[in-house]
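**Student:** This is the structure I want to talk about, given as structure tokens.
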Amino acid sequence: MVDGANEDPTQPSNVGSKEDPAQYVTEAPTPSVPTPPTGSTGTITIDKTSEIPGAGGIRIATENLAAFNAMVAAAQKDGINLLPISSGWRDPQQQIALRKKNCPDWQNSPSSACKPPTAKPGTSNHEKGNAVDFGTMCYAKGTVPSCPGNARWEWLRKNAQNFKFYQLPSEAWHWSTTGG
């Protein structure tokens with residue numbers, strides 16, 4: 001071996017040269033950012049949903065159906081019928097129609113200005129298939145955060161989190177996988 005030569009023949013030698021050793025430093029590749037599986041708005045299409053049994057055609061995201069059905073079955077074992085369901089998955093056009101019906105300015109009003117509160121299109125857990133509204137449960141044209149004395153609400157309050165469903169704090173009837 002020649003004195004001063006690089007021991008690794010696959011690497012360039014800079015002994016005795018005026019080369020900048022930094023030229024051989026490489027940066028790690030930047031990891032790619034994954035795209036959300038449901039698009040930028042988080043909405044899903046009907047093919048990603050399934051009908052809730054006994055709910056008159058109301059749908060929920062297929063990935064949430066088993067947990068929801070297990071929750072309904074557990075409530076039934078306790079003598080509580082969680083039906084009827086008044087709303088589940090809805091497409092963006094249905095969300096727009098609700099905003100036009102419920103909000104002073106369907107495009108700009110905050111959800112809280114709508115009667116009942118209605119999320120902006122592209123932001124609703126209903127559009128993501130993650131939310132259901134339980135019909136005839138302390139529903140009002142405003143916000144009703146609790147429903148004391150209602151057996152369905154009391155059961156949900158005590159048990160829904162075991163099935164990964166959580167109440168929207170401002171609406172007694174609205175339960176989702178995110179609490180929103």
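The way I read the labels, and the way they are meant: chains A, B, ... in the order of the structure tokens, residue 1 as the first residue of every chain, and ligand 1 as the first ligand shown, with later ones counted on from there.
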Using only C-alpha atoms, which protein or nucleic acid residues come within 7 Å of stretch 40-53 of chain A? Drop anything in the same chain fewer than 2 positions from it, and give the result as JSON, numbers by chain.
**Tutor:** {"A": [36, 38, 55, 57, 58, 59, 60, 61, 62, 91, 122, 123, 127, 128, 129]}
**Student:** Go through stretch 63-163 of chain A and collect every residue that DSSP, computed from the backbone, puts in strand (DSSP E); the answer should be as an NGL selection string.
**Tutor:** :A and (85-87 or 131-134)
**Student:** Could you pull the residues within 8 Å of A:Arg152, counting only C-alpha atoms, minus those fewer than 6 positions along the same chain, as a ChimeraX atom specification?
**Tutor:** /A:80-82,137
**Student:** Mind writing the picked residues with C-alpha atoms as a tab-separated table (two decimals), in the first residue's frame?
**Tutor:**
```tsv
chain	number	residue	atom	x	y	z
A	80	ILE	CA	-81.40	-0.40	25.74
A	81	ASN	CA	-82.36	0.05	22.08
A	82	LEU	CA	-80.02	2.59	20.46
A	137	MET	CA	-82.56	11.81	21.95
```
**Student:** Using only C-alpha atoms, determine which residues lie at most 10 Å from A:Gln107, disregarding the query and same-chain residues fewer than 3 positions distant; provide the list as a VMD selection string.
**Tutor:** chain A and resid 96 99 to 100 103 to 104 110 120 to 121
**Student:** Just how far from atom CA of A:Ser112 is atom CA of A:Asn64, in Å to one decimal?
**Tutor:**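 One can read the atom CA of A:Asn64 to atom CA of A:Ser112 distance as 26.7 Å.
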**Student:** Given only C-alpha atoms, how would the per-residue table for stretch 68-152 of chain A near stretch 157-166 of chain A read, listing every residue at most 9 Å away with its closest atom pair and distance in Å to one decimal, sorted by chain and number, as a tab-separated table?
**Tutor:**
```
residue	atom	partner	partner_atom	distance
A:Phe68	CA	A:Phe163	CA	7.0
A:Ala70	CA	A:Phe163	CA	7.4
A:Met71	CA	A:Phe163	CA	6.1
A:Ala74	CA	A:Asn159	CA	9.0
A:Ala75	CA	A:Asn159	CA	8.5
A:Asn130	CA	A:Phe165	CA	8.9
A:Ala131	CA	A:Phe165	CA	8.5
A:Arg152	CA	A:Arg157	CA	8.5
```
**Student:** Using only C-alpha atoms, determine which residues lie at most 9 Å from A:Leu83, disregarding the query and same-chain residues fewer than 4 positions distant; provide the list as a PDB file with N, CA and C atoms, in the first residue's frame.
**Tutor:**
```pdb
ATOM      1  N   GLY A  54     -80.923  -2.279  10.513  1.00  0.00           N
ATOM      2  CA  GLY A  54     -82.087  -1.782  11.232  1.00  0.00           C
ATOM      3  C   GLY A  54     -82.217  -0.270  11.267  1.00  0.00           C
ATOM      4  N   ALA A  55     -81.362   0.450  10.519  1.00  0.00           N
ATOM      5  CA  ALA A  55     -81.366   1.917  10.572  1.00  0.00           C
ATOM      6  C   ALA A  55     -81.955   2.545   9.312  1.00  0.00           C
ATOM      7  N   VAL A  72     -74.274  -1.552  19.672  1.00  0.00           N
ATOM      8  CA  VAL A  72     -75.729  -1.721  19.633  1.00  0.00           C
ATOM      9  C   VAL A  72     -76.119  -3.037  20.324  1.00  0.00           C
ATOM     10  N   PHE A 134     -78.118  10.008  17.016  1.00  0.00           N
ATOM     11  CA  PHE A 134     -79.170   9.157  17.563  1.00  0.00           C
ATOM     12  C   PHE A 134     -80.460   9.951  17.586  1.00  0.00           C
ATOM     13  N   GLY A 135     -81.455   9.488  16.843  1.00  0.00           N
ATOM     14  CA  GLY A 135     -82.723  10.188  16.741  1.00  0.00           C
ATOM     15  C   GLY A 135     -83.506  10.165  18.042  1.00  0.00           C
TER      16      GLY A 135
END
```
